[in-house]
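Take a look at the structure set out below.
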Amino acid sequence: MKFSEFFIPTYREIPSEAEIVSHQLMLRAGMIRKLTSGIYTILPIGLKCIRKIEGIIREEMNRAGAIELLMPAVQPAELWKESGRWDYYGRELLRFKDRHGHEACLGPTHEEIITDLVRNEIHSYRQLPVNFYQIQTKFRDETRPRFGMMRCREFIMKDAYSFDTDEDGANHSYEKMKRAYYRIFKRCGLDFRAVEADSGTIGGSYSHEFMVLSDTGEDQIVACSSCNYAANLEKAEIKTEETTPAPDIQLAPIEEIATPNAKTIEEVTTFLGIPPNRLVKTLIVRSDEETVAVLIRGDHELNEIKLKNFLDAKEIELADEKTVMDITNAPVGFAGPVGLKVRIVADMAVKNMVNFVTGGNKKDLHLKNVNLERDFHVDRFGDLRFITPEDKCPRCGKEIRFLRGIEVGHIFKLGTKYSEAMKAVFLDEEGNERPCIMGCYGIGVGRCLSAAIEQNNDEDGIILPVSIAPFEVIVLPLQIHDPSVSKAAKTIYEELNKEGIDVIFDDRDERPGVKFKDADLIGIPVRITVGVRGIKKGEVEVKLRNEKETKTVPVDRCSSFIKETLNNLYHEVSPINPELL
């Protein structure tokens with residue numbers, strides 16, 4: 001490929017719309033262009049990277065025994081209503097009606113479609129297990145699209161769906177996909193970690209997210225400093241120590257304390273001269289059609305995902321001011337559990353507290369020396385808060401640390417959530433009808449590219465791993481009109497092409513500085529510089545994008561040297577753990 005015949009519209013300036021490095025560099029390198037909010041055209045050089053990532057994914061999916069197909073992007077509402085997700089999924093589901101008035105949506109994921117296919121085509125245990133996958137465009141109407149292809153509305157995704165006869169088989173399929181994901185992300189040159197995660201709107205009993213470690217990542221990861229435990233912040237469990245109050249602690253009589261204009265945690269604790277962990281905040285929450293009071297220690301934060309799962313609710317949200325007034329007879333900031341007529345749930349950290357402070361259900365009033373059971377009753381206790389740096393690992397009890405990450409993949413144990421709802425059943429060996437056990441497995445293809453750029457860049461541009469770079473090698477003649485330079489450069493280019501190496505020839509009549517800047521900005525792993533001085537000595541210069549030094553190589557050994565160099569670069573991103581093979 002000649003540079004002059006390709007389309008690489010590079011920018012020198014940083015686009016004002018781009019907030020993070022990957023978004024800036026993808027625009028500057030001519031990989032993407034914005035069409036509208038959260039929707040991008042992928043330009044040729046970006047598409048070459050995407051296709052290489054897809055190639056790695058296909059190889060590993062096929063290697064793991066998955067079978068590729070392609071499902072429709074437009075999905076009928078009937079299937080989503082059958083699974084129960086039409087209303088549950090939320091506003092990210094782009095719904096519409098066709099000319100006949102039939103409701104449909106643009107697919108954000110394909111559990112319903114694949115389950116419908118399987119229930120119509122697979123009827124016997126002899127046809128199982130099976131795992132289908134596709135690489136297809138998805139659409140999710142994100143509330144706040146941002147960061148380029150990191151969080152957009154239209155995106156390319158690999159999604160796979162496994163069907164098994166029993167739990168052992170489903171676990172085997174899950175582990176097989178987990179190993180395949182390790183190989184995929186390793187081959188893409190990513191520094192990543194698999195973490196336990198919430199299953200969200202997909203559902204199921206168990207899931208792992210694959211997080212690319214990056215300071216600019218949207219997601220926070222909790223990892224143990226000793227054992228292998230890791231989870232995203234929403235999922236991270238709390239290790240609660242079961243304690244009982246010391247026998248010499250007396251339950252003090254409850255007191256009303258006037259707290260004029262003090263309603264936030266900071267205002268109340270400062271006014272009363274107590275630490276936040278001596279206060280219990282009462283949050284009034286709407287859970288589907290029910291109003292619930294949620295108790296959280298003053299120095300902790302409510303985890304709404306945990307609460308949603310705990311209450312088995314479709315949606316939860318903090319109650320509005322009118323509802324808070326109706327329930328507590330007080331404005332927001334003064335709610336307390338004493339005397340409430342609604343169901344009360346509490347975080348486990350509240351269970352062992354004594355003589356604590358709560359709101360008094362009256363403006364400018366708080367209660368001191370409040371105690372469980374004596375003054376109010378909690379219907380259920382649970383893990384309802386976010387983990388903090390002061391907490392210990394829920395597995396081994398050692399110190400935890402917080403990291404940031406970019407989610408590039410998510411795998412789920414779905415169980416029978418969809419197969420039971422949609423009657424995807426098979427006949428077992430005894431002729432009994434049983435639901436298929438399902439799993440699903442997703443990878444954000446564009447996110448992989450964005451994440452790789454977030455991890456691999458410098459002040460000059462992108463430093464892509466060789467496996468997903470748009471080209472493996474660039475041949476860069478400095479004096480394009482000099483016959484000796486032009487001839488040598490073309491000879492090297494043609495030899496590399498014959499060897500099957502993905503090479504681009506920069507035949508532009510541009511200053512050397514412009515060519516160097518574009519090569520660095522685009523992130524091509526190997527640069528061969530051909531100049532008059534070197535050719536007189538029978539030499540060319542070879543430089544790796546991720547190294548500072550330049551090597552001098554004889555022209556007649558250039559092709560073999562590049563092959564060896566590329567083999568070494570590919571070896572760096574190949575899975576070496578035997579357990580992943």
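Residues are referred to by chain and number: the chain letter is A, B, ... according to the order shown in the structure tokens, the number counts from 1 in that chain, and ligands are numbered separately from 1 in the order shown.
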Item checked: Close residues, Lys322 in chain A itself excluded, 12 Å, only C-alpha atoms, min 6 positions apart in chain, as JSON, numbers by chain -> {"A": [284, 328, 329, 330, 331, 332]}
Next item on the list: Identify, with DSSP run on backbone atoms, the residues in range 230-330 of chain A assigned to strand (DSSP E or B), and express the list as a PyMOL selection string.
Entry: chain A and resi 230-232+255-258+279-287+290-297+302+316-318
Notebook entry, point to check: Contacts of Arg395 in chain A at 10 Å or less, counting only C-alpha atoms, minus same-chain residues fewer than 6 places along, as a ChimeraX atom specification?
Noted result: /A:224,226-230,237-239
Please provide as a PDB file with N, CA and C atoms, in the first residue's frame all residues within 12 Å of Ile14 in chain A, with the sequence filter that same-chain residues fewer than 3 positions apart are discarded (counting only C-alpha atoms).
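This is the output file result-v9.pdb:
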ATOM      1  N   THR A  10      -4.480  13.160   8.871  1.00  0.00           N
ATOM      2  CA  THR A  10      -3.956  13.415  10.217  1.00  0.00           C
ATOM      3  C   THR A  10      -4.120  14.879  10.603  1.00  0.00           C
ATOM      4  N   TYR A  11      -4.218  15.116  11.930  1.00  0.00           N
ATOM      5  CA  TYR A  11      -4.278  16.461  12.509  1.00  0.00           C
ATOM      6  C   TYR A  11      -3.004  16.717  13.296  1.00  0.00           C
ATOM      7  N   GLU A  17     -12.858  18.756  21.193  1.00  0.00           N
ATOM      8  CA  GLU A  17     -13.942  17.888  21.665  1.00  0.00           C
ATOM      9  C   GLU A  17     -13.430  16.666  22.424  1.00  0.00           C
ATOM     10  N   ALA A  18     -12.142  16.346  22.268  1.00  0.00           N
ATOM     11  CA  ALA A  18     -11.596  15.107  22.829  1.00  0.00           C
ATOM     12  C   ALA A  18     -11.096  15.320  24.247  1.00  0.00           C
ATOM     13  N   GLU A  19     -11.578  14.479  25.179  1.00  0.00           N
ATOM     14  CA  GLU A  19     -11.247  14.642  26.599  1.00  0.00           C
ATOM     15  C   GLU A  19     -10.098  13.753  27.052  1.00  0.00           C
ATOM     16  N   ILE A  20      -9.981  12.563  26.475  1.00  0.00           N
ATOM     17  CA  ILE A  20      -8.951  11.629  26.928  1.00  0.00           C
ATOM     18  C   ILE A  20      -7.980  11.339  25.781  1.00  0.00           C
ATOM     19  N   VAL A  21      -6.832  10.766  26.132  1.00  0.00           N
ATOM     20  CA  VAL A  21      -5.741  10.584  25.170  1.00  0.00           C
ATOM     21  C   VAL A  21      -6.164   9.754  23.965  1.00  0.00           C
ATOM     22  N   SER A  22      -6.841   8.626  24.189  1.00  0.00           N
ATOM     23  CA  SER A  22      -7.198   7.760  23.068  1.00  0.00           C
ATOM     24  C   SER A  22      -8.113   8.471  22.082  1.00  0.00           C
ATOM     25  N   HIS A  23      -9.066   9.244  22.591  1.00  0.00           N
ATOM     26  CA  HIS A  23      -9.985   9.986  21.722  1.00  0.00           C
ATOM     27  C   HIS A  23      -9.209  11.030  20.919  1.00  0.00           C
ATOM     28  N   GLN A  24      -8.316  11.738  21.572  1.00  0.00           N
ATOM     29  CA  GLN A  24      -7.492  12.744  20.893  1.00  0.00           C
ATOM     30  C   GLN A  24      -6.674  12.111  19.774  1.00  0.00           C
ATOM     31  N   LEU A  25      -5.986  11.017  20.106  1.00  0.00           N
ATOM     32  CA  LEU A  25      -5.075  10.416  19.145  1.00  0.00           C
ATOM     33  C   LEU A  25      -5.808   9.711  18.006  1.00  0.00           C
ATOM     34  N   MET A  26      -6.965   9.136  18.271  1.00  0.00           N
ATOM     35  CA  MET A  26      -7.720   8.494  17.197  1.00  0.00           C
ATOM     36  C   MET A  26      -8.230   9.517  16.192  1.00  0.00           C
ATOM     37  N   LEU A  27      -8.590  10.700  16.682  1.00  0.00           N
ATOM     38  CA  LEU A  27      -8.976  11.777  15.771  1.00  0.00           C
ATOM     39  C   LEU A  27      -7.756  12.312  15.031  1.00  0.00           C
ATOM     40  N   ARG A  28      -6.680  12.556  15.745  1.00  0.00           N
ATOM     41  CA  ARG A  28      -5.482  13.126  15.121  1.00  0.00           C
ATOM     42  C   ARG A  28      -4.853  12.169  14.111  1.00  0.00           C
ATOM     43  N   ALA A  29      -4.888  10.871  14.391  1.00  0.00           N
ATOM     44  CA  ALA A  29      -4.282   9.887  13.501  1.00  0.00           C
ATOM     45  C   ALA A  29      -5.168   9.530  12.309  1.00  0.00           C
ATOM     46  N   GLU A 459       4.356  11.388  23.805  1.00  0.00           N
ATOM     47  CA  GLU A 459       4.093  12.747  23.351  1.00  0.00           C
ATOM     48  C   GLU A 459       4.031  12.856  21.825  1.00  0.00           C
ATOM     49  N   ASP A 460       4.543  11.842  21.117  1.00  0.00           N
ATOM     50  CA  ASP A 460       4.538  11.882  19.655  1.00  0.00           C
ATOM     51  C   ASP A 460       3.339  11.193  19.039  1.00  0.00           C
ATOM     52  N   GLY A 461       2.601  10.391  19.819  1.00  0.00           N
ATOM     53  CA  GLY A 461       1.427   9.734  19.270  1.00  0.00           C
ATOM     54  C   GLY A 461       1.204   8.341  19.811  1.00  0.00           C
ATOM     55  N   LEU A 521       2.764   9.334  14.889  1.00  0.00           N
ATOM     56  CA  LEU A 521       1.390   9.604  15.302  1.00  0.00           C
ATOM     57  C   LEU A 521       0.501   8.382  15.068  1.00  0.00           C
TER      58      LEU A 521
END
Next item on the list: Please provide as a list in words all residues within 9 Å of range 217-221 of chain A, with the sequence filter that same-chain residues fewer than 5 positions apart are discarded (counting only C-alpha atoms).
Entry: Val195, Met211, Val212, Ala230, Ala231, Asn232, Leu233, Glu234, Ala236, Arg401, Phe402, Leu403, Arg404, Gly405, Ile406, Glu407, Ala451 and Glu454 of chain A
Checklist line | DSSP alpha helix (DSSP H) selection over range 287-335 of chain A, as a PyMOL selection string | finding: chain A and resi 304-311+321-328
For the residues selected in the previous step, produce a file with all heavy atoms as a compact mmCIF listing (two decimals), in the first residue's frame.
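Everything below was put into part05.txt:
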# COMPACT_ATOMS: atom_id res chain seq x y z
N GLU A 304 -26.17 1.64 44.97
CA GLU A 304 -27.53 1.45 44.44
C GLU A 304 -27.67 0.13 43.68
O GLU A 304 -28.76 -0.45 43.65
CB GLU A 304 -27.92 2.63 43.55
CG GLU A 304 -28.08 3.94 44.33
CD GLU A 304 -28.68 5.05 43.50
OE1 GLU A 304 -29.14 4.77 42.38
OE2 GLU A 304 -28.71 6.19 43.98
N ILE A 305 -26.60 -0.34 43.08
CA ILE A 305 -26.67 -1.64 42.38
C ILE A 305 -26.87 -2.77 43.37
O ILE A 305 -27.70 -3.66 43.17
CB ILE A 305 -25.40 -1.86 41.53
CG1 ILE A 305 -25.40 -0.88 40.35
CG2 ILE A 305 -25.33 -3.30 41.03
CD1 ILE A 305 -24.17 -0.95 39.48
N LYS A 306 -26.11 -2.73 44.48
CA LYS A 306 -26.31 -3.75 45.52
C LYS A 306 -27.73 -3.67 46.08
O LYS A 306 -28.38 -4.70 46.32
CB LYS A 306 -25.30 -3.56 46.65
CG LYS A 306 -23.88 -3.98 46.31
CD LYS A 306 -22.98 -3.84 47.53
CE LYS A 306 -21.55 -4.29 47.25
NZ LYS A 306 -20.68 -4.14 48.43
N LEU A 307 -28.22 -2.45 46.32
CA LEU A 307 -29.57 -2.29 46.86
C LEU A 307 -30.61 -2.82 45.88
O LEU A 307 -31.56 -3.51 46.29
CB LEU A 307 -29.83 -0.82 47.17
CG LEU A 307 -31.24 -0.49 47.70
CD1 LEU A 307 -31.48 -1.19 49.05
CD2 LEU A 307 -31.44 1.01 47.83
N LYS A 308 -30.43 -2.53 44.60
CA LYS A 308 -31.36 -3.00 43.58
C LYS A 308 -31.42 -4.52 43.56
O LYS A 308 -32.51 -5.12 43.52
CB LYS A 308 -30.93 -2.45 42.22
CG LYS A 308 -31.86 -2.80 41.07
CD LYS A 308 -31.34 -2.16 39.78
CE LYS A 308 -32.20 -2.54 38.59
NZ LYS A 308 -31.68 -1.94 37.33
N ASN A 309 -30.26 -5.17 43.63
CA ASN A 309 -30.23 -6.63 43.67
C ASN A 309 -30.80 -7.18 44.97
O ASN A 309 -31.50 -8.19 44.98
CB ASN A 309 -28.80 -7.13 43.48
CG ASN A 309 -28.23 -6.81 42.10
OD1 ASN A 309 -28.99 -6.66 41.14
ND2 ASN A 309 -26.92 -6.68 42.00
N PHE A 310 -30.51 -6.50 46.07
CA PHE A 310 -30.98 -6.92 47.40
C PHE A 310 -32.50 -6.90 47.45
O PHE A 310 -33.13 -7.80 48.02
CB PHE A 310 -30.38 -5.98 48.44
CG PHE A 310 -30.75 -6.29 49.86
CD1 PHE A 310 -30.18 -7.36 50.53
CD2 PHE A 310 -31.65 -5.49 50.54
CE1 PHE A 310 -30.52 -7.63 51.85
CE2 PHE A 310 -31.99 -5.75 51.87
CZ PHE A 310 -31.41 -6.82 52.52
N LEU A 311 -33.10 -5.87 46.85
CA LEU A 311 -34.56 -5.72 46.86
C LEU A 311 -35.22 -6.45 45.69
O LEU A 311 -36.45 -6.47 45.60
CB LEU A 311 -34.94 -4.24 46.81
CG LEU A 311 -34.48 -3.38 47.99
CD1 LEU A 311 -34.84 -1.92 47.75
CD2 LEU A 311 -35.11 -3.86 49.29
N GLU A 321 -38.66 15.15 46.98
CA GLU A 321 -38.87 15.89 48.22
C GLU A 321 -40.29 15.69 48.76
O GLU A 321 -40.48 15.58 49.98
CB GLU A 321 -38.60 17.38 48.00
CG GLU A 321 -37.13 17.69 47.72
CD GLU A 321 -36.87 19.18 47.59
OE1 GLU A 321 -37.80 19.98 47.87
OE2 GLU A 321 -35.75 19.56 47.20
N LYS A 322 -41.28 15.64 47.88
CA LYS A 322 -42.66 15.46 48.33
C LYS A 322 -42.84 14.11 49.01
O LYS A 322 -43.48 14.01 50.07
CB LYS A 322 -43.62 15.59 47.15
CG LYS A 322 -45.11 15.45 47.56
CD LYS A 322 -46.02 15.56 46.36
CE LYS A 322 -47.49 15.49 46.77
NZ LYS A 322 -47.80 14.25 47.50
N THR A 323 -42.27 13.05 48.40
CA THR A 323 -42.39 11.71 48.99
C THR A 323 -41.70 11.65 50.34
O THR A 323 -42.22 11.06 51.30
CB THR A 323 -41.79 10.66 48.03
OG1 THR A 323 -42.48 10.72 46.78
CG2 THR A 323 -41.92 9.25 48.62
N VAL A 324 -40.50 12.25 50.44
CA VAL A 324 -39.79 12.28 51.71
C VAL A 324 -40.63 12.98 52.77
O VAL A 324 -40.74 12.50 53.91
CB VAL A 324 -38.42 12.98 51.55
CG1 VAL A 324 -37.76 13.17 52.91
CG2 VAL A 324 -37.51 12.18 50.63
N MET A 325 -41.26 14.09 52.41
CA MET A 325 -42.10 14.82 53.36
C MET A 325 -43.31 13.97 53.77
O MET A 325 -43.68 13.92 54.96
CB MET A 325 -42.56 16.14 52.74
CG MET A 325 -43.48 16.97 53.63
SD MET A 325 -42.68 17.54 55.15
CE MET A 325 -41.71 18.92 54.51
N ASP A 326 -43.92 13.29 52.80
CA ASP A 326 -45.10 12.46 53.10
C ASP A 326 -44.73 11.31 54.05
O ASP A 326 -45.51 10.95 54.94
CB ASP A 326 -45.69 11.87 51.81
CG ASP A 326 -46.34 12.93 50.94
OD1 ASP A 326 -46.62 14.03 51.46
OD2 ASP A 326 -46.54 12.67 49.74
N ILE A 327 -43.54 10.72 53.88
CA ILE A 327 -43.14 9.56 54.67
C ILE A 327 -42.63 9.97 56.05
O ILE A 327 -42.92 9.31 57.06
CB ILE A 327 -42.05 8.76 53.93
CG1 ILE A 327 -42.60 8.18 52.62
CG2 ILE A 327 -41.49 7.63 54.81
CD1 ILE A 327 -43.68 7.17 52.77
N THR A 328 -41.84 11.06 56.11
CA THR A 328 -41.13 11.40 57.36
C THR A 328 -41.70 12.62 58.08
O THR A 328 -41.28 12.89 59.21
CB THR A 328 -39.65 11.67 57.05
OG1 THR A 328 -39.53 12.89 56.30
CG2 THR A 328 -39.03 10.53 56.27
Next item on the list: Report the distance between CA of Thr259 in chain A and CA of Gly298 in chain A in Å, rounded to one decimal place.
Entry: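 Distance between the two atoms: 16.2 Å.
Comparing the minimum interatomic distances between Gly500 in chain A and each of A:Ser559, A:Gln250, A:Thr137, A:Asn456, counting only C-alpha atoms, we find that A:Ser559 sits nearest.
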Could you pull the residues within 8 Å of range 139-141 of chain A, counting only C-alpha atoms, minus those fewer than 5 positions along the same chain, as a short mmCIF file (atom, residue, chain, number, x, y, z; two decimals) with all heavy atoms, in the first residue's frame?
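Below is the file that was written, around.cif:
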data_model
loop_
_atom_site.label_atom_id
_atom_site.label_comp_id
_atom_site.auth_asym_id
_atom_site.auth_seq_id
_atom_site.Cartn_x
_atom_site.Cartn_y
_atom_site.Cartn_z
N ARG A 91 -33.90 3.09 29.34
CA ARG A 91 -33.92 4.04 28.24
C ARG A 91 -32.81 3.82 27.22
O ARG A 91 -32.82 4.43 26.15
CB ARG A 91 -33.84 5.47 28.79
CG ARG A 91 -35.05 5.84 29.65
CD ARG A 91 -34.92 7.25 30.21
NE ARG A 91 -36.06 7.58 31.05
CZ ARG A 91 -36.19 8.74 31.70
NH1 ARG A 91 -35.23 9.65 31.61
NH2 ARG A 91 -37.26 8.97 32.44
N GLU A 92 -31.82 2.99 27.54
CA GLU A 92 -30.76 2.73 26.57
C GLU A 92 -31.27 1.91 25.39
O GLU A 92 -30.63 1.86 24.34
CB GLU A 92 -29.60 1.98 27.24
CG GLU A 92 -28.77 2.84 28.17
CD GLU A 92 -27.56 2.09 28.70
OE1 GLU A 92 -27.29 0.98 28.21
OE2 GLU A 92 -26.91 2.61 29.61
N LEU A 93 -32.42 1.28 25.54
CA LEU A 93 -33.01 0.48 24.46
C LEU A 93 -33.74 1.41 23.50
O LEU A 93 -34.72 2.06 23.85
CB LEU A 93 -33.99 -0.55 25.05
CG LEU A 93 -34.53 -1.59 24.07
CD1 LEU A 93 -33.42 -2.48 23.55
CD2 LEU A 93 -35.60 -2.44 24.75
N LEU A 94 -33.24 1.49 22.26
CA LEU A 94 -33.84 2.38 21.26
C LEU A 94 -35.03 1.68 20.62
O LEU A 94 -34.88 0.78 19.80
CB LEU A 94 -32.81 2.77 20.20
CG LEU A 94 -33.30 3.80 19.17
CD1 LEU A 94 -33.61 5.13 19.84
CD2 LEU A 94 -32.26 4.00 18.08
N LEU A 106 -33.50 -1.53 18.20
CA LEU A 106 -32.17 -1.81 17.67
C LEU A 106 -31.41 -2.58 18.73
O LEU A 106 -31.33 -2.14 19.88
CB LEU A 106 -31.43 -0.51 17.32
CG LEU A 106 -31.83 0.18 16.03
CD1 LEU A 106 -30.94 1.41 15.80
CD2 LEU A 106 -31.72 -0.76 14.83
N GLY A 107 -30.84 -3.72 18.35
CA GLY A 107 -30.26 -4.64 19.33
C GLY A 107 -29.07 -4.09 20.08
O GLY A 107 -28.05 -3.77 19.45
N PRO A 108 -29.17 -4.00 21.41
CA PRO A 108 -28.00 -3.68 22.23
C PRO A 108 -27.24 -4.94 22.62
O PRO A 108 -26.09 -4.89 23.05
CB PRO A 108 -28.62 -3.03 23.46
CG PRO A 108 -29.95 -3.71 23.60
CD PRO A 108 -30.40 -4.06 22.21
N CYS A 152 -19.74 4.96 23.38
CA CYS A 152 -20.53 5.53 22.30
C CYS A 152 -21.87 4.81 22.19
O CYS A 152 -22.13 3.85 22.90
CB CYS A 152 -19.76 5.49 20.99
SG CYS A 152 -19.01 3.90 20.61
N ARG A 153 -22.70 5.29 21.32
CA ARG A 153 -24.05 4.71 21.19
C ARG A 153 -24.09 3.57 20.18
O ARG A 153 -24.82 2.61 20.34
CB ARG A 153 -25.05 5.81 20.81
CG ARG A 153 -25.23 6.86 21.90
CD ARG A 153 -26.43 7.74 21.63
NE ARG A 153 -26.24 8.58 20.46
CZ ARG A 153 -27.23 9.18 19.79
NH1 ARG A 153 -28.47 8.98 20.17
NH2 ARG A 153 -26.97 9.94 18.76
N GLU A 154 -23.32 3.71 19.11
CA GLU A 154 -23.24 2.65 18.11
C GLU A 154 -21.83 2.09 18.11
O GLU A 154 -20.86 2.84 18.03
CB GLU A 154 -23.60 3.21 16.73
CG GLU A 154 -23.62 2.16 15.63
CD GLU A 154 -24.02 2.74 14.28
OE1 GLU A 154 -25.19 3.16 14.15
OE2 GLU A 154 -23.16 2.81 13.38
N PHE A 155 -21.71 0.77 18.21
CA PHE A 155 -20.39 0.18 18.38
C PHE A 155 -20.37 -1.25 17.88
O PHE A 155 -21.42 -1.90 17.73
CB PHE A 155 -19.97 0.21 19.86
CG PHE A 155 -20.96 -0.45 20.78
CD1 PHE A 155 -20.81 -1.77 21.15
CD2 PHE A 155 -22.05 0.25 21.27
CE1 PHE A 155 -21.72 -2.38 22.00
CE2 PHE A 155 -22.98 -0.35 22.11
CZ PHE A 155 -22.81 -1.68 22.47
#
Please provide the set of residues having any atom within 12 Å of range 99-102 of chain A, restricted to only C-alpha atoms, with same-chain residues fewer than 6 positions apart removed, written as a PDB file with N, CA, C and O atoms, in the first residue's frame.
ATOM      1  N   VAL A  74     -32.231  -5.466  13.961  1.00  0.00           N
ATOM      2  CA  VAL A  74     -33.595  -5.088  14.342  1.00  0.00           C
ATOM      3  C   VAL A  74     -34.263  -6.281  15.015  1.00  0.00           C
ATOM      4  O   VAL A  74     -34.294  -7.384  14.459  1.00  0.00           O
ATOM      5  N   GLN A  75     -34.790  -6.046  16.212  1.00  0.00           N
ATOM      6  CA  GLN A  75     -35.356  -7.130  17.008  1.00  0.00           C
ATOM      7  C   GLN A  75     -36.815  -6.823  17.370  1.00  0.00           C
ATOM      8  O   GLN A  75     -37.113  -5.722  17.845  1.00  0.00           O
ATOM      9  N   PRO A  76     -37.728  -7.772  17.186  1.00  0.00           N
ATOM     10  CA  PRO A  76     -39.140  -7.535  17.510  1.00  0.00           C
ATOM     11  C   PRO A  76     -39.373  -7.440  19.008  1.00  0.00           C
ATOM     12  O   PRO A  76     -38.774  -8.173  19.798  1.00  0.00           O
ATOM     13  N   ALA A  77     -40.267  -6.533  19.381  1.00  0.00           N
ATOM     14  CA  ALA A  77     -40.561  -6.319  20.807  1.00  0.00           C
ATOM     15  C   ALA A  77     -41.124  -7.567  21.466  1.00  0.00           C
ATOM     16  O   ALA A  77     -40.928  -7.771  22.670  1.00  0.00           O
ATOM     17  N   GLU A  78     -41.808  -8.405  20.677  1.00  0.00           N
ATOM     18  CA  GLU A  78     -42.451  -9.585  21.269  1.00  0.00           C
ATOM     19  C   GLU A  78     -41.450 -10.456  22.014  1.00  0.00           C
ATOM     20  O   GLU A  78     -41.747 -10.991  23.096  1.00  0.00           O
TER      21      GLU A  78
END
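When only C-alpha atoms are used to compute distances to Ala346 in chain A, the closest of the residues A:Phe334, A:Phe381, A:Tyr570, A:Phe561 turns out to be A:Phe381.
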Item checked: Atom-to-atom span, CA of Lys536 in chain A and CA of Lys490 in chain A, Å ->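 Separation between CA of Lys536 in chain A and CA of Lys490 in chain A: 16.2 Å.
One finds CA of Arg187 in chain A at 26.9 Å from CA of Arg146 in chain A.
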Item checked: Best match for closeness to Gln455 in chain A among A:Asn355, A:Thr216, A:Ser287, A:Asn261, counting only C-alpha atoms -> A:Thr216
Next item on the list: Go through A:Glu112, A:Glu317, A:Glu209, A:Glu103 one by one, measure the shortest atom-to-atom distance of each to Thr291 in chain A using only C-alpha atoms, and give the residue with the smallest value.
Entry: A:Glu317
Next item on the list: Give the answer as one residue: which of A:Phe271, A:Tyr89, A:Phe210, A:Phe7 has the shortest atom-to-atom distance to Phe185 in chain A, using only C-alpha atoms?
Entry: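 Counting only C-alpha atoms, the residue closest to Phe185 in chain A is A:Phe210.
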